[in-house]
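Data file: coords16.cif. Format and content: mmCIF, C-alpha atoms.
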data_query
loop_
_atom_site.label_atom_id
_atom_site.label_comp_id
_atom_site.auth_asym_id
_atom_site.auth_seq_id
_atom_site.Cartn_x
_atom_site.Cartn_y
_atom_site.Cartn_z
CA MET A 40 12.71 19.79 40.49
CA ASN A 41 8.92 19.58 40.41
CA GLN A 42 7.24 21.03 37.37
CA SER A 43 3.80 22.56 37.80
CA LYS A 44 1.06 21.49 35.44
CA PRO A 45 0.17 23.98 32.70
CA ARG A 46 -2.85 26.12 33.52
CA ILE A 47 -5.83 26.35 31.17
CA ILE A 48 -7.27 29.88 31.05
CA ASP A 49 -10.41 30.99 29.21
CA VAL A 50 -9.09 33.84 27.01
CA ASN A 51 -12.48 35.59 27.05
CA THR A 52 -13.20 35.58 30.78
CA GLY A 53 -9.81 34.92 32.34
CA GLU A 54 -11.32 32.03 34.31
CA ASP A 55 -8.95 29.26 35.34
CA LEU A 56 -10.38 26.01 33.91
CA SER A 57 -7.51 23.75 34.98
CA GLY A 58 -9.75 21.87 37.39
CA ILE A 59 -12.17 20.94 34.60
CA TYR A 60 -10.00 20.39 31.51
CA SER A 61 -6.53 18.97 30.85
CA LEU A 62 -4.11 19.42 27.98
CA ARG A 63 -3.32 16.57 25.63
CA HIS A 64 -0.86 16.53 22.74
CA ARG A 65 -2.31 15.86 19.28
CA ASN A 66 -0.12 12.75 19.07
CA GLN A 67 -2.08 11.35 21.99
CA ASP A 68 -5.30 11.85 20.01
CA ALA A 69 -3.80 9.97 17.07
CA ALA A 70 -2.69 7.15 19.36
CA PHE A 71 -6.17 6.98 20.89
CA ARG A 72 -7.80 6.71 17.47
CA GLN A 73 -5.33 4.02 16.46
CA GLN A 74 -6.07 2.03 19.60
CA LEU A 75 -9.81 2.45 19.02
CA ASN A 76 -9.48 1.07 15.51
CA LYS A 77 -7.46 -1.82 16.86
CA THR A 78 -9.94 -2.80 19.54
CA GLU A 79 -13.28 -2.35 17.77
CA ASP A 80 -14.81 -4.68 15.22
CA ARG A 81 -18.09 -3.32 13.89
CA ARG A 82 -18.73 -5.80 11.08
CA GLU A 83 -22.09 -7.62 11.08
CA PHE A 84 -21.74 -11.19 12.24
CA THR A 85 -23.48 -14.28 13.52
CA ASN A 86 -21.86 -16.84 15.81
CA ALA A 87 -21.03 -20.53 15.86
CA GLU A 88 -20.64 -22.44 19.12
CA MET A 89 -17.37 -24.30 18.51
CA PRO A 90 -17.83 -27.21 20.98
CA ASN A 91 -21.19 -28.18 19.44
CA ILE A 92 -20.57 -27.89 15.70
CA ASN A 93 -19.56 -31.55 15.38
CA GLU A 94 -23.13 -32.49 16.33
CA VAL A 95 -24.24 -30.77 13.14
CA TYR A 96 -21.79 -32.23 10.68
CA ASP A 97 -22.18 -35.70 12.19
CA VAL A 98 -25.79 -35.77 10.93
CA LEU A 99 -25.82 -33.43 7.92
CA THR A 100 -24.03 -34.00 4.63
CA THR A 101 -21.23 -31.64 3.63
CA ALA A 102 -23.49 -29.79 1.20
CA GLN A 103 -26.22 -29.53 3.85
CA CYS A 104 -23.67 -27.96 6.22
CA GLY A 105 -23.13 -25.40 3.46
CA TYR A 106 -26.86 -24.70 3.31
CA LEU A 107 -26.96 -24.22 7.07
CA MET A 108 -23.93 -21.90 6.95
CA LEU A 109 -25.85 -19.58 4.64
CA LEU A 110 -29.21 -19.82 6.42
CA GLN A 111 -27.74 -19.01 9.82
CA CYS A 112 -26.66 -15.65 8.36
CA TYR A 113 -30.37 -14.74 8.39
CA VAL A 114 -31.03 -15.37 12.08
CA ASP A 115 -32.42 -12.56 14.18
CA TYR A 116 -31.83 -12.13 17.91
CA GLY A 117 -33.54 -15.17 19.40
CA GLY A 118 -32.72 -17.41 16.45
CA LEU A 119 -35.72 -16.74 14.19
CA LEU A 120 -34.92 -16.88 10.47
CA ILE A 121 -36.00 -13.59 8.89
CA LYS A 122 -35.90 -12.26 5.34
CA SER A 123 -33.40 -9.48 6.11
CA SER A 124 -32.21 -7.13 8.86
CA ARG A 125 -34.66 -4.56 7.48
CA ASP A 126 -37.54 -6.90 6.74
CA LYS A 127 -38.15 -8.87 9.93
CA THR A 128 -40.77 -11.08 8.27
CA PRO A 129 -40.12 -14.73 9.19
CA MET A 130 -38.85 -16.92 6.35
CA ASP A 131 -41.07 -19.63 4.95
CA THR A 132 -39.90 -22.62 2.92
CA SER A 133 -40.22 -20.65 -0.32
CA ASP A 134 -37.95 -17.91 1.05
CA MET A 135 -35.37 -20.44 2.18
CA MET A 136 -35.38 -22.25 -1.16
CA ASP A 137 -34.87 -18.93 -2.91
CA VAL A 138 -31.96 -17.92 -0.67
CA LEU A 139 -30.34 -21.33 -1.07
CA GLN A 140 -30.93 -21.28 -4.84
CA LEU A 141 -32.78 -24.59 -4.59
CA THR A 142 -36.11 -23.58 -6.15
CA LYS A 143 -35.42 -26.04 -8.99
CA LYS A 144 -34.12 -28.67 -6.57
CA ARG A 145 -37.05 -28.89 -4.21
CA GLN A 146 -36.31 -32.44 -3.07
CA THR A 147 -32.75 -31.44 -2.19
CA PHE A 148 -34.13 -28.63 -0.05
CA TYR A 149 -36.74 -30.80 1.68
CA ASP A 150 -34.15 -33.50 2.40
CA PHE A 151 -32.03 -30.82 4.08
CA ILE A 152 -34.77 -29.12 6.08
CA SER A 153 -36.24 -32.47 7.19
CA SER A 154 -32.88 -33.68 8.46
CA ALA A 155 -32.16 -30.34 10.17
CA ILE A 156 -35.53 -30.38 11.96
CA GLU A 157 -35.32 -34.05 12.84
CA ASN A 158 -31.95 -33.44 14.52
CA ASP A 159 -33.10 -30.23 16.30
CA ILE A 160 -30.72 -28.02 14.34
CA ILE A 161 -33.58 -26.02 12.83
CA ARG A 162 -36.89 -25.70 14.66
CA LYS A 163 -40.41 -24.98 13.43
CA ASP A 164 -43.17 -23.44 15.56
CA ASP A 165 -45.98 -20.91 15.22
CA ALA A 166 -43.48 -18.03 14.95
CA GLY A 167 -41.69 -19.63 12.02
CA TYR A 168 -38.37 -21.40 11.46
CA SER A 169 -35.45 -20.80 13.79
CA VAL A 170 -31.91 -22.07 14.23
CA ASN A 171 -31.12 -23.84 17.49
CA GLU A 172 -28.93 -21.43 19.48
CA ARG A 173 -26.90 -24.36 20.69
CA TYR A 174 -25.20 -24.13 17.30
CA HIS A 175 -25.69 -20.61 15.93
CA PHE A 176 -26.93 -17.30 17.31
CA LYS A 177 -26.78 -13.58 16.72
CA GLY A 178 -25.52 -11.05 19.24
CA ASN A 179 -22.64 -10.41 21.59
CA PHE A 180 -21.18 -13.22 23.65
CA ARG A 181 -18.93 -13.85 26.63
CA SER A 182 -17.81 -17.39 25.88
CA PRO A 183 -14.31 -17.65 24.39
CA HIS A 184 -15.39 -20.74 22.45
CA VAL A 185 -17.30 -18.90 19.75
CA VAL A 186 -16.44 -18.15 16.11
CA LYS A 187 -17.82 -15.03 14.48
CA ILE A 188 -19.11 -15.57 10.94
CA TYR A 189 -19.26 -12.40 8.87
CA SER A 190 -22.69 -12.82 7.33
CA ALA A 191 -22.41 -10.19 4.60
CA LYS A 192 -19.39 -12.01 3.15
CA ILE A 193 -21.13 -15.40 3.15
CA LYS A 194 -24.31 -14.02 1.59
CA ARG A 195 -22.44 -12.16 -1.12
CA VAL A 196 -20.39 -15.09 -2.36
CA TYR A 197 -22.85 -17.98 -1.97
CA SER A 198 -23.69 -17.95 -5.68
CA GLU A 199 -19.96 -18.16 -6.53
CA VAL A 200 -18.98 -20.99 -4.18
CA LYS A 201 -20.20 -24.58 -4.16
CA ALA A 202 -22.31 -25.58 -1.17
CA THR A 203 -19.96 -28.53 -0.61
CA ASP A 204 -16.99 -26.16 -0.32
CA ILE A 205 -18.85 -24.01 2.21
CA GLY A 206 -19.73 -27.24 4.00
CA LEU A 207 -16.05 -28.20 4.17
CA ILE A 208 -15.29 -24.78 5.62
CA TYR A 209 -18.12 -25.27 8.13
CA ARG A 210 -16.45 -28.47 9.36
CA MET A 211 -13.29 -26.49 10.12
CA LEU A 212 -14.93 -23.99 12.48
CA PRO A 213 -14.13 -25.90 15.72
CA TYR A 214 -10.41 -25.73 14.96
CA ILE A 215 -9.81 -21.96 14.61
CA HIS A 216 -7.14 -20.74 17.00
CA PHE A 217 -8.19 -17.81 19.20
CA ASP A 218 -5.17 -15.55 18.69
CA THR A 219 -3.84 -16.49 15.26
CA ASN A 220 -6.81 -17.89 13.26
CA ALA A 221 -4.63 -20.95 12.64
CA LEU A 222 -6.30 -24.29 12.00
CA CYS A 223 -4.95 -26.51 14.74
CA GLU A 224 -5.62 -29.32 17.19
CA ASN A 225 -5.60 -27.03 20.25
CA PRO A 226 -7.49 -23.84 19.24
CA ASN A 227 -7.52 -22.42 22.78
CA GLU A 228 -3.78 -22.74 23.44
CA SER A 229 -2.39 -19.43 24.74
CA ASN A 230 1.30 -20.27 24.21
CA PRO A 231 2.08 -19.68 20.49
CA ARG A 232 5.00 -22.11 20.64
CA ALA A 233 2.66 -24.88 21.76
CA ILE A 234 0.14 -24.56 18.88
CA ARG A 235 -0.21 -27.90 17.13
CA TRP A 236 -0.85 -26.86 13.53
CA PHE A 237 -2.73 -29.20 11.26
CA SER A 238 -0.99 -30.68 8.25
CA ARG A 239 -3.17 -31.41 5.25
CA ALA A 240 -3.56 -35.03 6.36
CA GLY A 241 -4.33 -33.97 9.93
CA LEU A 242 -6.93 -31.42 8.88
CA ALA A 243 -8.51 -33.89 6.45
CA THR A 244 -8.80 -36.48 9.21
CA ALA A 245 -10.29 -33.94 11.63
CA ILE A 246 -13.07 -32.92 9.23
CA GLY A 247 -13.63 -36.36 7.75
CA VAL A 248 -12.49 -36.02 4.15
CA VAL A 249 -9.80 -37.52 1.93
CA PRO A 250 -6.52 -35.51 1.95
CA ASP A 251 -6.38 -35.34 -1.85
CA THR A 252 -9.90 -33.90 -1.96
CA LEU A 253 -9.03 -31.32 0.67
CA GLY A 254 -5.82 -30.31 -1.10
CA ARG A 255 -7.67 -29.85 -4.37
CA ARG A 256 -10.55 -27.87 -2.87
CA LEU A 257 -8.41 -25.59 -0.68
CA LYS A 258 -6.86 -24.03 -3.77
CA ALA A 259 -10.32 -23.15 -5.11
CA MET A 260 -11.81 -21.75 -1.91
CA LYS A 261 -12.13 -18.06 -2.74
CA PHE A 262 -14.77 -15.55 -1.70
CA GLY A 263 -14.70 -13.07 -4.53
CA SER A 264 -11.03 -12.10 -4.88
CA GLU A 265 -10.12 -13.27 -1.37
CA TYR A 266 -8.82 -16.67 -0.42
CA VAL A 267 -10.61 -18.20 2.54
CA ILE A 268 -7.59 -20.12 3.78
CA ALA A 269 -3.89 -19.24 3.55
CA ARG A 270 -1.49 -22.13 3.02
CA VAL A 271 1.75 -21.33 4.83
CA LYS A 272 4.99 -23.19 4.16
CA VAL A 273 7.87 -22.93 6.65
CA GLY A 274 11.07 -24.62 5.51
CA SER A 275 10.62 -28.35 5.03
CA GLU A 276 7.67 -28.51 7.41
CA PRO A 277 4.22 -29.57 6.09
CA GLU A 278 1.85 -26.83 4.95
CA ARG A 279 0.00 -24.98 7.68
CA TYR A 280 -3.40 -23.33 7.32
CA THR A 281 -4.88 -20.05 8.55
CA PHE A 282 -8.43 -18.76 8.13
CA ASN A 283 -9.12 -15.36 6.57
CA PRO A 284 -10.21 -13.02 9.42
CA ASN A 285 -12.52 -11.20 7.00
CA VAL A 286 -14.68 -14.32 6.94
CA PHE A 287 -14.22 -16.02 10.33
CA TYR A 288 -12.72 -14.62 13.51
CA ARG A 289 -12.92 -15.28 17.25
CA GLN A 290 -11.89 -12.03 18.89
CA SER A 291 -13.84 -8.82 19.51
CA LYS A 292 -10.94 -6.56 18.54
CA ALA A 293 -9.84 -5.92 14.97
CA PRO A 294 -7.48 -8.56 13.51
CA ASP A 295 -3.72 -8.23 13.83
CA LYS A 296 -2.10 -6.33 10.95
CA THR A 297 0.11 -9.29 10.04
CA LEU A 298 -2.93 -11.51 9.72
CA ILE A 299 -4.66 -8.95 7.50
CA ALA A 300 -1.53 -8.56 5.35
CA LEU A 301 -1.34 -12.33 4.85
CA PHE A 302 -4.56 -12.17 2.84
CA ASN A 303 -3.66 -9.05 0.85
CA VAL A 304 -4.85 -9.78 -2.69
CA GLU A 305 -2.34 -7.40 -4.30
CA LYS A 306 0.30 -9.33 -6.21
CA ALA A 307 3.79 -9.41 -4.73
CA CYS A 308 6.52 -7.56 -6.63
#
Written form, structure tokens:
Amino acid sequence: MNQSKPRIIDVNTGEDLSGIYSLRHRNQDAAFRQQLNKTEDRREFTNAEMPNINEVYDVLTTAQCGYLMLLQCYVDYGGLLIKSSRDKTPMDTSDMMDVLQLTKKRQTFYDFISSAIENDIIRKDDAGYSVNERYHFKGNFRSPHVVKIYSAKIKRVYSEVKATDIGLIYRMLPYIHFDTNALCENPNESNPRAIRWFSRAGLATAIGVVPDTLGRRLKAMKFGSEYVIARVKVGSEPERYTFNPNVFYRQSKAPDKTLIALFNVEKAC
């Protein structure tokens, strides 16, 4: 038996508004809000072009990669390095040294900026200093081969984390899996059963460090109270590694709840 749709009547005028409005249960509103929260990610971010990052760490030292990781958080649309999102004044060398906490290590800074300019990673013209958008840029993107870097998080913890540690993290950016944030050989693999997770030795080889050094530094990689990388052990298999989605993430929607729960800092009972 066909059921007619409920009519919507204006109680004041008696006008039938069924052709304009429709009824929706409050549970549908709740489901809509839940879906909205799941699909939107409003955190401030910059971007790294995954296929090109190796060109950076092939010519910069690990610490210099850490310096670049912080500086790229200050890019404006178009790549220009500015003092802040409110103060659009272009950065000069003094501003950069201050941000990088290298005012007392001027030679260290000039070695970095000279190498970055020489290798076309950072550019200098009449407008100021900018980051080559081949490697980092600000704004929305369509390419699936991009990692979002949550700039507020990097800025906030730079004074707490060694530049070499941030540089090690920088070297891992090309290996973040699209769906799971896993560190793996095939970061664009859509079949979860086909993901080739890195072991410690495999990850160390990929980023060009000694496995013992990587194992020691991974334990210390924390941004405030949050670990940057989760070490996951499944049975007798080697450790597997997953990036914290609060720091680096590839998708436009909010992270999966399981991935968020993995980095919950509350102690287990």
Expressed in Å, the length from atom CA of A:Arg173 to atom CA of A:Ile92 is 8.8 Å
Item to complete: Please write the residues picked by the PyMOL selection byres ((chain A and resi 221) around 9) on this file as an MDAnalysis selection string.
Response: chainID A and resid 214:220 222:223 226 234 236:237 279:282
Once the PyMOL selection byres ((chain A and resi 180) around 12) is applied to the coordinates I shared, what remains selected? I want it as a PyMOL selection string. chain A and resi 84-88+175-179+181-187+289-291
Query - Explicit residues for the PyMOL selection byres ((chain A and resi 256-258) around 10) (as number ranges by chain) - result: A: 203-204, 207-208, 239, 250-255, 259-261, 266-270, 280
Provide an axis-aligned box for all listed atoms of stretch 224-242 of chain A, padding each side by 8 Å; report its centre and its edge lengths in Å to one decimal, as JSON.
{"center_x": -1.3, "center_y": -27.2, "center_z": 15.0, "size_x": 28.5, "size_y": 31.6, "size_z": 35.5}
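Between atom CA of A:Ser153 and atom CA of A:Tyr174 there is a distance of 17.1 Å.
With only C-alpha atoms as the atoms that count, the residue of A:Asp295, A:Asp115, A:Glu157, A:Glu228 with the shortest distance to A:Val95 is A:Glu157.
Counting from atom CA of A:Asn303, the distance to atom CA of A:Ser198 is 22.9 Å.
Distance check against A:Asp134 using only C-alpha atoms: of A:Met108, A:Val114, A:Asn158, A:Lys122, the minimum falls on A:Lys122.
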* Around (-21.9, -30.9, 13.2) in the file's own coordinates, what residues are found within 12 Å if you use all atoms listed in the file, given back as JSON, numbers by chain? -> {"A": [87, 88, 89, 90, 91, 92, 93, 94, 95, 96, 97, 98, 99, 100, 101, 103, 104, 105, 107, 108, 155, 158, 159, 160, 173, 174, 175, 206, 207, 208, 209, 210, 211, 212, 213, 246, 247]}
Judged by all atoms listed in the file, the minimum distance to A:Ile193 among A:Gly263, A:Gly274, A:Pro294, A:Gly117 is found for A:Gly263
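The closest residue to A:Gly167, picked from A:Met130, A:Leu139, A:Ala245, A:Ala202 and counting only C-alpha atoms, is A:Met130.
The nearest approach to A:Lys127 among the residues A:Leu301, A:Val271, A:Ala166, A:Val200, with all atoms listed in the file taken into account, belongs to A:Ala166.
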What would stretch 179-203 of chain A look like with N, CA and C atoms restored, written as a PDB file, in the frame of the given file?
ATOM      1  N   ASN A 179     -23.896 -10.361  20.874  1.00  0.00           N
ATOM      2  CA  ASN A 179     -22.640 -10.410  21.590  1.00  0.00           C
ATOM      3  C   ASN A 179     -22.571 -11.659  22.472  1.00  0.00           C
ATOM      4  N   PHE A 180     -21.369 -11.999  22.882  1.00  0.00           N
ATOM      5  CA  PHE A 180     -21.180 -13.220  23.650  1.00  0.00           C
ATOM      6  C   PHE A 180     -20.031 -13.038  24.628  1.00  0.00           C
ATOM      7  N   ARG A 181     -20.012 -13.881  25.637  1.00  0.00           N
ATOM      8  CA  ARG A 181     -18.930 -13.850  26.630  1.00  0.00           C
ATOM      9  C   ARG A 181     -18.044 -15.086  26.535  1.00  0.00           C
ATOM     10  N   SER A 182     -18.581 -16.150  25.978  1.00  0.00           N
ATOM     11  CA  SER A 182     -17.810 -17.390  25.880  1.00  0.00           C
ATOM     12  C   SER A 182     -16.630 -17.206  24.933  1.00  0.00           C
ATOM     13  N   PRO A 183     -15.456 -17.721  25.300  1.00  0.00           N
ATOM     14  CA  PRO A 183     -14.310 -17.650  24.390  1.00  0.00           C
ATOM     15  C   PRO A 183     -14.355 -18.713  23.307  1.00  0.00           C
ATOM     16  N   HIS A 184     -15.325 -19.618  23.383  1.00  0.00           N
ATOM     17  CA  HIS A 184     -15.390 -20.740  22.450  1.00  0.00           C
ATOM     18  C   HIS A 184     -16.418 -20.497  21.347  1.00  0.00           C
ATOM     19  N   VAL A 185     -16.342 -19.317  20.774  1.00  0.00           N
ATOM     20  CA  VAL A 185     -17.300 -18.900  19.750  1.00  0.00           C
ATOM     21  C   VAL A 185     -16.530 -18.364  18.544  1.00  0.00           C
ATOM     22  N   VAL A 186     -17.013 -18.692  17.348  1.00  0.00           N
ATOM     23  CA  VAL A 186     -16.440 -18.150  16.110  1.00  0.00           C
ATOM     24  C   VAL A 186     -17.445 -17.185  15.500  1.00  0.00           C
ATOM     25  N   LYS A 187     -16.978 -15.987  15.177  1.00  0.00           N
ATOM     26  CA  LYS A 187     -17.820 -15.030  14.480  1.00  0.00           C
ATOM     27  C   LYS A 187     -17.789 -15.321  12.986  1.00  0.00           C
ATOM     28  N   ILE A 188     -18.967 -15.330  12.383  1.00  0.00           N
ATOM     29  CA  ILE A 188     -19.110 -15.570  10.940  1.00  0.00           C
ATOM     30  C   ILE A 188     -19.632 -14.283  10.324  1.00  0.00           C
ATOM     31  N   TYR A 189     -18.866 -13.683   9.437  1.00  0.00           N
ATOM     32  CA  TYR A 189     -19.260 -12.400   8.870  1.00  0.00           C
ATOM     33  C   TYR A 189     -20.293 -12.633   7.767  1.00  0.00           C
ATOM     34  N   SER A 190     -21.546 -12.396   8.142  1.00  0.00           N
ATOM     35  CA  SER A 190     -22.690 -12.820   7.330  1.00  0.00           C
ATOM     36  C   SER A 190     -22.735 -12.147   5.969  1.00  0.00           C
ATOM     37  N   ALA A 191     -22.359 -10.886   5.890  1.00  0.00           N
ATOM     38  CA  ALA A 191     -22.410 -10.190   4.600  1.00  0.00           C
ATOM     39  C   ALA A 191     -21.507 -10.875   3.588  1.00  0.00           C
ATOM     40  N   LYS A 192     -20.345 -11.337   4.040  1.00  0.00           N
ATOM     41  CA  LYS A 192     -19.390 -12.010   3.150  1.00  0.00           C
ATOM     42  C   LYS A 192     -19.971 -13.331   2.644  1.00  0.00           C
ATOM     43  N   ILE A 193     -20.562 -14.114   3.541  1.00  0.00           N
ATOM     44  CA  ILE A 193     -21.130 -15.400   3.150  1.00  0.00           C
ATOM     45  C   ILE A 193     -22.291 -15.208   2.183  1.00  0.00           C
ATOM     46  N   LYS A 194     -23.166 -14.275   2.472  1.00  0.00           N
ATOM     47  CA  LYS A 194     -24.310 -14.020   1.590  1.00  0.00           C
ATOM     48  C   LYS A 194     -23.868 -13.597   0.200  1.00  0.00           C
ATOM     49  N   ARG A 195     -22.857 -12.746   0.149  1.00  0.00           N
ATOM     50  CA  ARG A 195     -22.440 -12.160  -1.120  1.00  0.00           C
ATOM     51  C   ARG A 195     -21.826 -13.194  -2.055  1.00  0.00           C
ATOM     52  N   VAL A 196     -21.143 -14.177  -1.497  1.00  0.00           N
ATOM     53  CA  VAL A 196     -20.390 -15.090  -2.360  1.00  0.00           C
ATOM     54  C   VAL A 196     -21.066 -16.456  -2.527  1.00  0.00           C
ATOM     55  N   TYR A 197     -22.232 -16.650  -1.930  1.00  0.00           N
ATOM     56  CA  TYR A 197     -22.850 -17.980  -1.970  1.00  0.00           C
ATOM     57  C   TYR A 197     -23.063 -18.458  -3.402  1.00  0.00           C
ATOM     58  N   SER A 198     -23.431 -17.548  -4.292  1.00  0.00           N
ATOM     59  CA  SER A 198     -23.690 -17.950  -5.680  1.00  0.00           C
ATOM     60  C   SER A 198     -22.405 -18.307  -6.419  1.00  0.00           C
ATOM     61  N   GLU A 199     -21.236 -17.914  -5.859  1.00  0.00           N
ATOM     62  CA  GLU A 199     -19.960 -18.160  -6.530  1.00  0.00           C
ATOM     63  C   GLU A 199     -19.251 -19.405  -6.003  1.00  0.00           C
ATOM     64  N   VAL A 200     -19.688 -19.901  -4.857  1.00  0.00           N
ATOM     65  CA  VAL A 200     -18.980 -20.990  -4.180  1.00  0.00           C
ATOM     66  C   VAL A 200     -19.912 -22.191  -4.033  1.00  0.00           C
ATOM     67  N   LYS A 201     -19.391 -23.377  -4.285  1.00  0.00           N
ATOM     68  CA  LYS A 201     -20.200 -24.580  -4.160  1.00  0.00           C
ATOM     69  C   LYS A 201     -20.608 -24.801  -2.698  1.00  0.00           C
ATOM     70  N   ALA A 202     -21.824 -25.304  -2.521  1.00  0.00           N
ATOM     71  CA  ALA A 202     -22.310 -25.580  -1.170  1.00  0.00           C
ATOM     72  C   ALA A 202     -21.415 -26.592  -0.465  1.00  0.00           C
ATOM     73  N   THR A 203     -20.844 -27.541  -1.222  1.00  0.00           N
ATOM     74  CA  THR A 203     -19.960 -28.530  -0.610  1.00  0.00           C
ATOM     75  C   THR A 203     -18.683 -27.877  -0.076  1.00  0.00           C
TER      76      THR A 203
END
